[in-house]
Structure formats: C-alpha cells, structure tokens
>>> print(open('data.pdb').read())   # PDB, C-alpha atoms, pLDDT in the B column
ATOM      1  CA  MET A1230     -44.543 -57.663 -42.759  1.00 45.00           C
ATOM      2  CA  THR A1231     -42.305 -56.077 -40.141  1.00 52.00           C
ATOM      3  CA  SER A1232     -39.303 -54.030 -41.152  1.00 49.00           C
ATOM      4  CA  ALA A1233     -37.070 -56.814 -39.804  1.00 46.00           C
ATOM      5  CA  GLU A1234     -38.708 -59.335 -42.123  1.00 50.00           C
ATOM      6  CA  ALA A1235     -38.503 -56.912 -45.018  1.00 49.00           C
ATOM      7  CA  GLY A1236     -34.830 -56.366 -44.213  1.00 53.00           C
ATOM      8  CA  GLY A1237     -33.760 -59.844 -45.260  1.00 67.00           C
ATOM      9  CA  PHE A1238     -34.377 -61.850 -42.093  1.00 79.00           C
ATOM     10  CA  ALA A1239     -36.976 -64.026 -43.841  1.00 81.00           C
ATOM     11  CA  ALA A1240     -34.120 -66.103 -45.256  1.00 84.00           C
ATOM     12  CA  ALA A1241     -32.646 -66.430 -41.775  1.00 84.00           C
ATOM     13  CA  LYS A1242     -36.004 -67.697 -40.508  1.00 85.00           C
ATOM     14  CA  GLU A1243     -36.041 -70.310 -43.266  1.00 89.00           C
ATOM     15  CA  GLY A1244     -32.514 -71.345 -42.328  1.00 89.00           C
ATOM     16  CA  LEU A1245     -33.600 -71.704 -38.722  1.00 90.00           C
ATOM     17  CA  LYS A1246     -36.464 -73.951 -39.829  1.00 92.00           C
ATOM     18  CA  ALA A1247     -33.970 -76.130 -41.722  1.00 93.00           C
ATOM     19  CA  ILE A1248     -31.797 -76.453 -38.630  1.00 92.00           C
ATOM     20  CA  GLY A1249     -34.893 -77.365 -36.620  1.00 92.00           C
ATOM     21  CA  ALA A1250     -35.743 -80.080 -39.144  1.00 93.00           C
ATOM     22  CA  GLN A1251     -32.181 -81.396 -38.904  1.00 91.00           C
ATOM     23  CA  THR A1252     -32.438 -81.532 -35.111  1.00 91.00           C
ATOM     24  CA  GLN A1253     -35.767 -83.320 -35.354  1.00 93.00           C
ATOM     25  CA  SER A1254     -34.272 -85.848 -37.769  1.00 92.00           C
ATOM     26  CA  ILE A1255     -31.376 -86.541 -35.405  1.00 89.00           C
ATOM     27  CA  ASN A1256     -33.774 -87.028 -32.496  1.00 88.00           C
ATOM     28  CA  GLN A1257     -35.999 -89.349 -34.543  1.00 90.00           C
ATOM     29  CA  GLN A1258     -33.015 -91.444 -35.577  1.00 88.00           C
ATOM     30  CA  VAL A1259     -31.833 -91.679 -31.979  1.00 83.00           C
ATOM     31  CA  SER A1260     -35.335 -92.623 -30.771  1.00 83.00           C
ATOM     32  CA  ALA A1261     -35.658 -95.291 -33.454  1.00 85.00           C
ATOM     33  CA  GLY A1262     -32.265 -96.751 -32.561  1.00 79.00           C
ATOM     34  CA  LYS A1263     -30.893 -95.879 -35.987  1.00 82.00           C
ATOM     35  CA  LEU A1264     -28.275 -93.460 -34.705  1.00 79.00           C
ATOM     36  CA  ALA A1265     -25.826 -94.482 -32.042  1.00 75.00           C
ATOM     37  CA  LEU A1266     -22.607 -92.531 -31.980  1.00 80.00           C
ATOM     38  CA  ASP A1267     -19.345 -93.436 -30.358  1.00 85.00           C
ATOM     39  CA  PRO A1268     -19.460 -91.475 -27.100  1.00 88.00           C
ATOM     40  CA  GLN A1269     -16.307 -89.497 -27.869  1.00 91.00           C
ATOM     41  CA  VAL A1270     -17.515 -88.575 -31.356  1.00 91.00           C
ATOM     42  CA  ALA A1271     -20.888 -87.521 -29.946  1.00 90.00           C
ATOM     43  CA  GLU A1272     -19.266 -85.447 -27.208  1.00 92.00           C
ATOM     44  CA  ASP A1273     -16.955 -83.783 -29.735  1.00 94.00           C
ATOM     45  CA  ALA A1274     -19.957 -82.934 -31.936  1.00 93.00           C
ATOM     46  CA  ALA A1275     -21.902 -81.588 -28.956  1.00 94.00           C
ATOM     47  CA  LYS A1276     -18.953 -79.455 -27.846  1.00 95.00           C
ATOM     48  CA  ARG A1277     -18.543 -78.068 -31.367  1.00 96.00           C
ATOM     49  CA  VAL A1278     -22.212 -77.097 -31.452  1.00 94.00           C
ATOM     50  CA  GLU A1279     -21.850 -75.452 -28.038  1.00 95.00           C
ATOM     51  CA  GLU A1280     -18.867 -73.462 -29.346  1.00 96.00           C
ATOM     52  CA  GLU A1281     -21.209 -72.080 -31.992  1.00 94.00           C
ATOM     53  CA  ILE A1282     -23.715 -71.177 -29.285  1.00 95.00           C
ATOM     54  CA  GLU A1283     -20.995 -69.209 -27.482  1.00 94.00           C
ATOM     55  CA  ALA A1284     -19.986 -67.443 -30.696  1.00 93.00           C
ATOM     56  CA  LEU A1285     -23.613 -66.457 -31.182  1.00 93.00           C
ATOM     57  CA  GLN A1286     -23.606 -64.969 -27.685  1.00 91.00           C
ATOM     58  CA  GLN A1287     -20.964 -62.495 -28.838  1.00 89.00           C
ATOM     59  CA  LEU A1288     -23.163 -61.674 -31.811  1.00 88.00           C
ATOM     60  CA  THR A1289     -26.093 -60.875 -29.524  1.00 88.00           C
ATOM     61  CA  GLN A1290     -23.981 -58.195 -27.853  1.00 84.00           C
ATOM     62  CA  LYS A1291     -23.378 -56.575 -31.246  1.00 83.00           C
ATOM     63  CA  ILE A1292     -27.069 -56.811 -32.072  1.00 84.00           C
ATOM     64  CA  HIS A1293     -27.893 -55.067 -28.818  1.00 80.00           C
ATOM     65  CA  SER A1294     -25.687 -52.186 -29.966  1.00 77.00           C
ATOM     66  CA  LEU A1295     -27.809 -51.868 -33.106  1.00 73.00           C
ATOM     67  CA  SER A1296     -30.921 -51.418 -31.024  1.00 75.00           C
ATOM     68  CA  LEU A1297     -29.294 -48.455 -29.289  1.00 75.00           C
ATOM     69  CA  VAL A1298     -28.409 -46.457 -32.408  1.00 73.00           C
ATOM     70  CA  LYS A1299     -28.331 -42.769 -31.603  1.00 72.00           C
ATOM     71  CA  GLY A1300     -26.947 -39.682 -33.256  1.00 66.00           C
ATOM     72  CA  LEU A1301     -29.051 -39.816 -36.398  1.00 70.00           C
ATOM     73  CA  GLY A1302     -30.554 -36.456 -35.591  1.00 72.00           C
ATOM     74  CA  ASP A1303     -33.903 -35.118 -34.526  1.00 77.00           C
ATOM     75  CA  TYR A1304     -35.184 -34.899 -38.071  1.00 82.00           C
ATOM     76  CA  PRO A1305     -37.958 -37.322 -39.026  1.00 82.00           C
ATOM     77  CA  ASP A1306     -35.706 -39.185 -41.481  1.00 82.00           C
ATOM     78  CA  GLY A1307     -33.065 -39.727 -38.796  1.00 80.00           C
ATOM     79  CA  GLN A1308     -35.653 -40.898 -36.302  1.00 81.00           C
ATOM     80  CA  GLN A1309     -37.192 -43.276 -38.846  1.00 84.00           C
ATOM     81  CA  LEU A1310     -33.786 -44.727 -39.669  1.00 82.00           C
ATOM     82  CA  ALA A1311     -32.983 -45.216 -35.976  1.00 79.00           C
ATOM     83  CA  LYS A1312     -36.360 -46.962 -35.539  1.00 82.00           C
ATOM     84  CA  ARG A1313     -35.561 -49.285 -38.452  1.00 82.00           C
ATOM     85  CA  PHE A1314     -32.270 -50.259 -36.805  1.00 79.00           C
ATOM     86  CA  GLN A1315     -34.079 -50.878 -33.535  1.00 81.00           C
ATOM     87  CA  ASP A1316     -36.735 -53.012 -35.251  1.00 80.00           C
ATOM     88  CA  LYS A1317     -34.173 -55.073 -37.127  1.00 82.00           C
ATOM     89  CA  ALA A1318     -32.332 -55.734 -33.916  1.00 82.00           C
ATOM     90  CA  ALA A1319     -35.104 -56.163 -31.382  1.00 78.00           C
ATOM     91  CA  ASP A1320     -38.382 -57.089 -33.138  1.00 81.00           C
ATOM     92  CA  PRO A1321     -39.663 -59.958 -30.950  1.00 79.00           C
ATOM     93  CA  ASP A1322     -40.823 -62.076 -33.889  1.00 75.00           C
ATOM     94  CA  ALA A1323     -38.389 -61.368 -36.678  1.00 72.00           C
ATOM     95  CA  GLY A1324     -35.560 -59.276 -35.261  1.00 84.00           C
ATOM     96  CA  ALA A1325     -31.963 -60.401 -35.292  1.00 86.00           C
ATOM     97  CA  PHE A1326     -31.823 -60.834 -31.519  1.00 87.00           C
ATOM     98  CA  ALA A1327     -34.876 -63.131 -31.436  1.00 87.00           C
ATOM     99  CA  LEU A1328     -33.580 -65.179 -34.357  1.00 90.00           C
ATOM    100  CA  VAL A1329     -30.160 -65.639 -32.793  1.00 91.00           C
ATOM    101  CA  ARG A1330     -31.752 -66.706 -29.493  1.00 91.00           C
ATOM    102  CA  LYS A1331     -33.920 -69.248 -31.322  1.00 92.00           C
ATOM    103  CA  LEU A1332     -30.851 -70.523 -33.160  1.00 93.00           C
ATOM    104  CA  GLN A1333     -29.000 -70.920 -29.870  1.00 94.00           C
ATOM    105  CA  GLU A1334     -31.923 -72.913 -28.460  1.00 95.00           C
ATOM    106  CA  GLU A1335     -32.042 -75.126 -31.537  1.00 94.00           C
ATOM    107  CA  LEU A1336     -28.302 -75.732 -31.429  1.00 94.00           C
ATOM    108  CA  GLN A1337     -28.556 -76.697 -27.760  1.00 95.00           C
ATOM    109  CA  LYS A1338     -31.200 -79.246 -28.746  1.00 94.00           C
ATOM    110  CA  GLN A1339     -28.728 -80.634 -31.302  1.00 93.00           C
ATOM    111  CA  ALA A1340     -25.986 -80.892 -28.692  1.00 94.00           C
ATOM    112  CA  ASP A1341     -28.435 -82.726 -26.421  1.00 92.00           C
ATOM    113  CA  ALA A1342     -29.379 -85.045 -29.300  1.00 90.00           C
ATOM    114  CA  PHE A1343     -25.741 -85.938 -29.904  1.00 90.00           C
ATOM    115  CA  ARG A1344     -25.315 -86.727 -26.229  1.00 89.00           C
ATOM    116  CA  GLY A1345     -28.496 -88.821 -26.380  1.00 86.00           C
ATOM    117  CA  ALA A1346     -27.004 -90.823 -29.239  1.00 85.00           C
ATOM    118  CA  ALA A1347     -23.924 -91.441 -27.087  1.00 84.00           C
ATOM    119  CA  ARG A1348     -26.104 -92.654 -24.202  1.00 83.00           C
ATOM    120  CA  ASP A1349     -27.872 -95.060 -26.556  1.00 78.00           C
ATOM    121  CA  TYR A1350     -24.521 -96.304 -27.822  1.00 76.00           C
ATOM    122  CA  ARG A1351     -23.329 -96.952 -24.270  1.00 76.00           C
ATOM    123  CA  ALA A1352     -26.610 -98.656 -23.336  1.00 74.00           C
ATOM    124  CA  THR A1353     -26.445-100.899 -26.402  1.00 73.00           C
ATOM    125  CA  ASP A1354     -22.800-101.671 -25.732  1.00 68.00           C
ATOM    126  CA  GLU A1355     -23.559-102.563 -22.097  1.00 74.00           C
ATOM    127  CA  GLN A1356     -26.529-104.695 -23.150  1.00 75.00           C
ATOM    128  CA  ASN A1357     -24.374-106.571 -25.671  1.00 71.00           C
ATOM    129  CA  ALA A1358     -21.693-107.122 -23.040  1.00 75.00           C
ATOM    130  CA  ASP A1359     -24.296-108.425 -20.585  1.00 73.00           C
ATOM    131  CA  ASP A1360     -25.716-110.732 -23.249  1.00 73.00           C
ATOM    132  CA  LEU A1361     -22.249-112.076 -24.023  1.00 73.00           C
ATOM    133  CA  ARG A1362     -21.524-112.672 -20.325  1.00 75.00           C
ATOM    134  CA  ARG A1363     -24.809-114.550 -19.908  1.00 78.00           C
ATOM    135  CA  GLY A1364     -24.079-116.572 -23.017  1.00 73.00           C
ATOM    136  CA  MET A1365     -20.667-117.612 -21.682  1.00 69.00           C
ATOM    137  CA  GLN A1366     -22.011-118.820 -18.346  1.00 62.00           C
TER
END
>>> encode(input="data.pdb", output="structure tokens")
Amino acid sequence: MTSAEAGGFAAAKEGLKAIGAQTQSINQQVSAGKLALDPQVAEDAAKRVEEEIEALQQLTQKIHSLSLVKGLGDYPDGQQLAKRFQDKAADPDAGAFALVRKLQEELQKQADAFRGAARDYRATDEQNADDLRRGMQ
C-alpha cells in the first residue's frame, strides 16, 4: 500500500468508482433509449458538471504545491515528512493529483452523456414530427 493510499485516499478511489458507475448507468440508459432529456435541461446539467471540472482544476494547483513542500529541514524526519507530502500529492496511482485528474475525466464523460441524451431527445422529437407530417399527407 502506498503512503497515499494509507493516507485516506482509498475512500476517494471508491468514490471515483461510484461516479464511474453513475456515468456508465447514464450512458446505458441513453443507449437503450430510456433517457432522453430536454436539450436545455441536458445542457444545463452538462455545464454544471463542467463547472465542477473547472473547480477541480484550481484544486490541482493546490495539490501541486503540496508536492513541492520544502523547509522541513535536512534531518531524516523532515525529509521523510516531505516525501510523504510528495507521495500524497503526486503518486501516479493513488496520489491526490492522479485522483483529481481521473475525476475530471469521469465528469467530462458525464457531461458528454448528458449532451448525448439531448441529441437523442432531438432525434426522437424530429422523428415524431416527421411521422406526424407523413401521417397528415
């Protein structure tokens, strides 16, 4: 177990998995035709998710600062503590930076799924309108 995982990021990884499952569920519903959102509602949801992605970008800048911790001294304890901060921030598998990046990617998939639901709604609406026009002729 890396120090980042030991430091409490295991719960964050589980949360990320839950968000991934939610995204997958949305995509499955869209693919099956069970989720068609009003285009404006879908766009509003996608924009809200993208606002979260932007907020996470600010967090990544703070995380980067953690990986640059200095001033803890040349003593072994200070060096070990600085290394722990660096690991928690930058560990490629379980560090905060990697987890935030994965969350941003997952949220972008959700925004795309909402927009896909809007496209399906429009396509269904256009198909219904075409069917009605053909029926009236």
>>> atom_distance(input="data.pdb", atom1="CA of Ser1296 in chain A", atom2="CA of Ala1319 in chain A")
6.3 Å
>>> atom_distance(input="data.pdb", atom1="CA of Ala1327 in chain A", atom2="CA of Gly1302 in chain A")
27.3 Å
>>> residues_around(input="data.pdb", residues="range 1311-1318 of chain A", least_positions_apart="3", cutoff="7 Å", atoms="only C-alpha atoms", output="list of chain:residue names")
A:Ser1232, A:Ala1233, A:Ile1292, A:His1293, A:Leu1295, A:Ser1296, A:Leu1297, A:Val1298, A:Lys1299, A:Leu1301, A:Gly1307, A:Gln1308, A:Gly1324, A:Ala1325, A:Phe1326
>>> closest_residue(input="data.pdb", among="A:Ala1239, A:Val1259, A:Leu1336, A:Leu1328", to="Val1278 in chain A", atoms="all atoms listed in the file")
A:Leu1336
>>> closest_residue(input="data.pdb", among="A:Gly1244, A:Pro1268, A:Gly1364, A:Pro1321", to="Arg1348 in chain A", atoms="only C-alpha atoms")
A:Pro1268
>>> resolve_selection(input="data.pdb", expression="the PyMOL selection byres ((chain A and resi 1333) around 9)", output="JSON, numbers by chain")
{"A": [1279, 1281, 1282, 1283, 1285, 1286, 1328, 1329, 1330, 1331, 1332, 1334, 1335, 1336, 1337, 1338]}
>>> atom_distance(input="data.pdb", atom1="CA of Asp1349 in chain A", atom2="CA of Lys1246 in chain A")
26.4 Å
>>> build_atoms(input="data.pdb", residues="range 1275-1302 of chain A", atoms="N, CA and C atoms", output="short mmCIF file (atom, residue, chain, number, x, y, z; two decimals), in the frame of the given file")
data_model
loop_
_atom_site.label_atom_id
_atom_site.label_comp_id
_atom_site.auth_asym_id
_atom_site.auth_seq_id
_atom_site.Cartn_x
_atom_site.Cartn_y
_atom_site.Cartn_z
N ALA A 1275 -21.14 -82.44 -29.87
CA ALA A 1275 -21.90 -81.59 -28.96
C ALA A 1275 -21.08 -80.37 -28.53
N LYS A 1276 -19.81 -80.58 -28.24
CA LYS A 1276 -18.95 -79.46 -27.85
C LYS A 1276 -18.80 -78.46 -28.99
N ARG A 1277 -18.68 -78.96 -30.21
CA ARG A 1277 -18.54 -78.07 -31.37
C ARG A 1277 -19.80 -77.21 -31.53
N VAL A 1278 -20.95 -77.83 -31.36
CA VAL A 1278 -22.21 -77.10 -31.45
C VAL A 1278 -22.28 -76.05 -30.34
N GLU A 1279 -21.83 -76.40 -29.15
CA GLU A 1279 -21.85 -75.45 -28.04
C GLU A 1279 -20.86 -74.30 -28.25
N GLU A 1280 -19.78 -74.55 -28.97
CA GLU A 1280 -18.87 -73.46 -29.35
C GLU A 1280 -19.59 -72.45 -30.25
N GLU A 1281 -20.42 -72.97 -31.13
CA GLU A 1281 -21.21 -72.08 -31.99
C GLU A 1281 -22.21 -71.26 -31.17
N ILE A 1282 -22.78 -71.89 -30.16
CA ILE A 1282 -23.72 -71.18 -29.28
C ILE A 1282 -22.99 -70.02 -28.60
N GLU A 1283 -21.78 -70.27 -28.14
CA GLU A 1283 -21.00 -69.21 -27.48
C GLU A 1283 -20.65 -68.10 -28.46
N ALA A 1284 -20.30 -68.46 -29.68
CA ALA A 1284 -19.99 -67.44 -30.70
C ALA A 1284 -21.21 -66.59 -30.98
N LEU A 1285 -22.38 -67.20 -30.97
CA LEU A 1285 -23.61 -66.46 -31.18
C LEU A 1285 -23.89 -65.50 -30.02
N GLN A 1286 -23.43 -65.86 -28.83
CA GLN A 1286 -23.61 -64.97 -27.68
C GLN A 1286 -22.88 -63.64 -27.92
N GLN A 1287 -21.70 -63.72 -28.51
CA GLN A 1287 -20.96 -62.50 -28.84
C GLN A 1287 -21.73 -61.67 -29.88
N LEU A 1288 -22.37 -62.37 -30.80
CA LEU A 1288 -23.16 -61.67 -31.81
C LEU A 1288 -24.35 -60.94 -31.18
N THR A 1289 -24.95 -61.54 -30.16
CA THR A 1289 -26.09 -60.88 -29.52
C THR A 1289 -25.68 -59.54 -28.89
N GLN A 1290 -24.45 -59.46 -28.42
CA GLN A 1290 -23.98 -58.20 -27.85
C GLN A 1290 -23.89 -57.13 -28.95
N LYS A 1291 -23.45 -57.52 -30.14
CA LYS A 1291 -23.38 -56.58 -31.25
C LYS A 1291 -24.78 -56.16 -31.70
N ILE A 1292 -25.69 -57.11 -31.68
CA ILE A 1292 -27.07 -56.81 -32.07
C ILE A 1292 -27.68 -55.81 -31.09
N HIS A 1293 -27.38 -56.00 -29.83
CA HIS A 1293 -27.89 -55.07 -28.82
C HIS A 1293 -27.43 -53.64 -29.13
N SER A 1294 -26.21 -53.51 -29.60
CA SER A 1294 -25.69 -52.19 -29.97
C SER A 1294 -26.52 -51.55 -31.08
N LEU A 1295 -26.97 -52.39 -32.02
CA LEU A 1295 -27.81 -51.87 -33.11
C LEU A 1295 -29.11 -51.28 -32.59
N SER A 1296 -29.64 -51.90 -31.55
CA SER A 1296 -30.92 -51.42 -31.02
C SER A 1296 -30.77 -50.10 -30.28
N LEU A 1297 -29.54 -49.70 -30.03
CA LEU A 1297 -29.29 -48.46 -29.29
C LEU A 1297 -28.75 -47.34 -30.17
N VAL A 1298 -28.94 -47.46 -31.48
CA VAL A 1298 -28.41 -46.46 -32.41
C VAL A 1298 -28.92 -45.08 -32.05
N LYS A 1299 -27.99 -44.16 -31.92
CA LYS A 1299 -28.33 -42.77 -31.60
C LYS A 1299 -27.51 -41.88 -32.53
N GLY A 1300 -27.76 -40.61 -32.48
CA GLY A 1300 -26.95 -39.68 -33.26
C GLY A 1300 -27.36 -39.54 -34.70
N LEU A 1301 -28.58 -39.97 -35.02
CA LEU A 1301 -29.05 -39.82 -36.40
C LEU A 1301 -29.88 -38.54 -36.55
N GLY A 1302 -29.89 -37.75 -35.51
CA GLY A 1302 -30.55 -36.46 -35.59
C GLY A 1302 -31.99 -36.48 -35.14
#
